[in-house]
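Visitor: Starting off with a structure, shown below.
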Amino acid sequence: MKTILIVEDEEPIREGLSDAFKQEGYKILPAKDGNFGYKAVLTKKPDLVILDLMLPGLSGLDVCKKLRSGSNQTPIIMLTAKSTEADKIVGLELGADDYVTKPFSVRELLSRVKALLRRSESRSEKKEGAKKLVFDDVKVDFLKFKAEKAGRKLEISKTEFKILRFFATRCEEVISREAFLDEVWGYDEFPTTRTVDNFIVKLRSKIEKTPKKPKHLITIYGVGYKFIT
Ligand code: CA
């Protein structure tokens, strides 16, 4: 069963949507404001978020921006009372996947939700497709948790595997330290961005020919890291 988080402060809309979506077989998580909604995305991991633009506390745009800058890719449909082009563009630029302008028909929103869930499923299949990483004389097999360099076994910890796998799914993209913390360590542990740096240094010493002059695990100053095969 797919779970949908509805972040909407107007109770009649929130309740109405909840009922309609439940009837269609979705599990619903309601949230009344932006802060609560933001936290619910991280802790409850819904399959999709319906996010109102005008909210008390964090606005819909703030929530969207915070999620995406932390590299959370949960599909988001924005509900907006404003129908100006500018608002739509800002919403999409901040990482919303789609938007619906109020007043909207529940049927239309339902069909948008279905379409977006389908798109995100094929996206996550692609993401899980990172089964191997091969570059230079290094081979990493994420399914078997095995790595070798020049035919010899490389000792790589579970966390290091997770870091490499995250890189493998986002080759050539700049990834922030915060994104690593979210993806690799999750929210139950409390490492600092410094921890990420230490792990990268350790990984470089294992996989780079000249760790002091890395060719694969590249530092992007002030932002994070990028992996190049
Ligand atoms: Ca509102």
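Labels for the structure tokens follow display order: chains A, B, ..., residues from 1 in each chain, ligands from 1.
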Enumerate as an MDAnalysis selection string all residues of range 63-221 of chain A assigned to alpha helix (DSSP H) by DSSP on the backbone, naming them with the chain letters and numbers the document uses.

Guide: chainID A and resid 63:69 85:93 106:128 158:169 177:180 193:207

Visitor: So that I can see what lies close to range 150-155 of chain A, please list as a PDB file with N, CA, C and O atoms, in the first residue's frame the residues with an atom at most 8 Å from it, counting only C-alpha atoms and leaving out residues fewer than 2 positions away in the same chain.

Guide:
ATOM      1  N   ASP A 137      41.535   0.053 -11.872  1.00  0.00           N
ATOM      2  CA  ASP A 137      41.648  -1.379 -11.591  1.00  0.00           C
ATOM      3  C   ASP A 137      40.806  -1.758 -10.376  1.00  0.00           C
ATOM      4  O   ASP A 137      41.032  -2.759  -9.722  1.00  0.00           O
ATOM      5  N   VAL A 138      39.795  -0.923 -10.085  1.00  0.00           N
ATOM      6  CA  VAL A 138      38.933  -1.178  -8.921  1.00  0.00           C
ATOM      7  C   VAL A 138      37.582  -1.742  -9.372  1.00  0.00           C
ATOM      8  O   VAL A 138      36.999  -1.265 -10.343  1.00  0.00           O
ATOM      9  N   LYS A 146      31.594  -6.995  -2.008  1.00  0.00           N
ATOM     10  CA  LYS A 146      32.989  -7.343  -2.248  1.00  0.00           C
ATOM     11  C   LYS A 146      33.648  -6.252  -3.078  1.00  0.00           C
ATOM     12  O   LYS A 146      33.018  -5.659  -3.946  1.00  0.00           O
ATOM     13  N   ALA A 147      34.893  -6.022  -2.794  1.00  0.00           N
ATOM     14  CA  ALA A 147      35.623  -5.041  -3.593  1.00  0.00           C
ATOM     15  C   ALA A 147      37.042  -5.531  -3.825  1.00  0.00           C
ATOM     16  O   ALA A 147      37.619  -6.227  -2.987  1.00  0.00           O
ATOM     17  N   GLU A 148      37.582  -5.228  -5.009  1.00  0.00           N
ATOM     18  CA  GLU A 148      38.974  -5.584  -5.258  1.00  0.00           C
ATOM     19  C   GLU A 148      39.683  -4.496  -6.041  1.00  0.00           C
ATOM     20  O   GLU A 148      39.066  -3.700  -6.754  1.00  0.00           O
ATOM     21  N   SER A 157      34.560  -1.244   4.664  1.00  0.00           N
ATOM     22  CA  SER A 157      33.544  -1.384   5.711  1.00  0.00           C
ATOM     23  C   SER A 157      32.146  -1.185   5.121  1.00  0.00           C
ATOM     24  O   SER A 157      31.986  -0.696   4.004  1.00  0.00           O
ATOM     25  N   LYS A 206      42.167   3.939  -0.084  1.00  0.00           N
ATOM     26  CA  LYS A 206      41.942   2.562  -0.534  1.00  0.00           C
ATOM     27  C   LYS A 206      41.792   2.453  -2.045  1.00  0.00           C
ATOM     28  O   LYS A 206      42.225   1.478  -2.645  1.00  0.00           O
TER      29      LYS A 206
END

Visitor: Show which residues sit within 9 Å of Glu8 in chain A, as a list in words. Count only C-alpha atoms, and ignore same-chain residues fewer than 4 positions away.

Guide: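 Once the nearby chain positions are removed, what remains is Ile13, Arg14, Pro30, Ala31, Lys32, Asp33, Gly34, Gly37, Ile50, Leu51, Asp52, Leu53, Met54, Leu55 and Leu79 of chain A.
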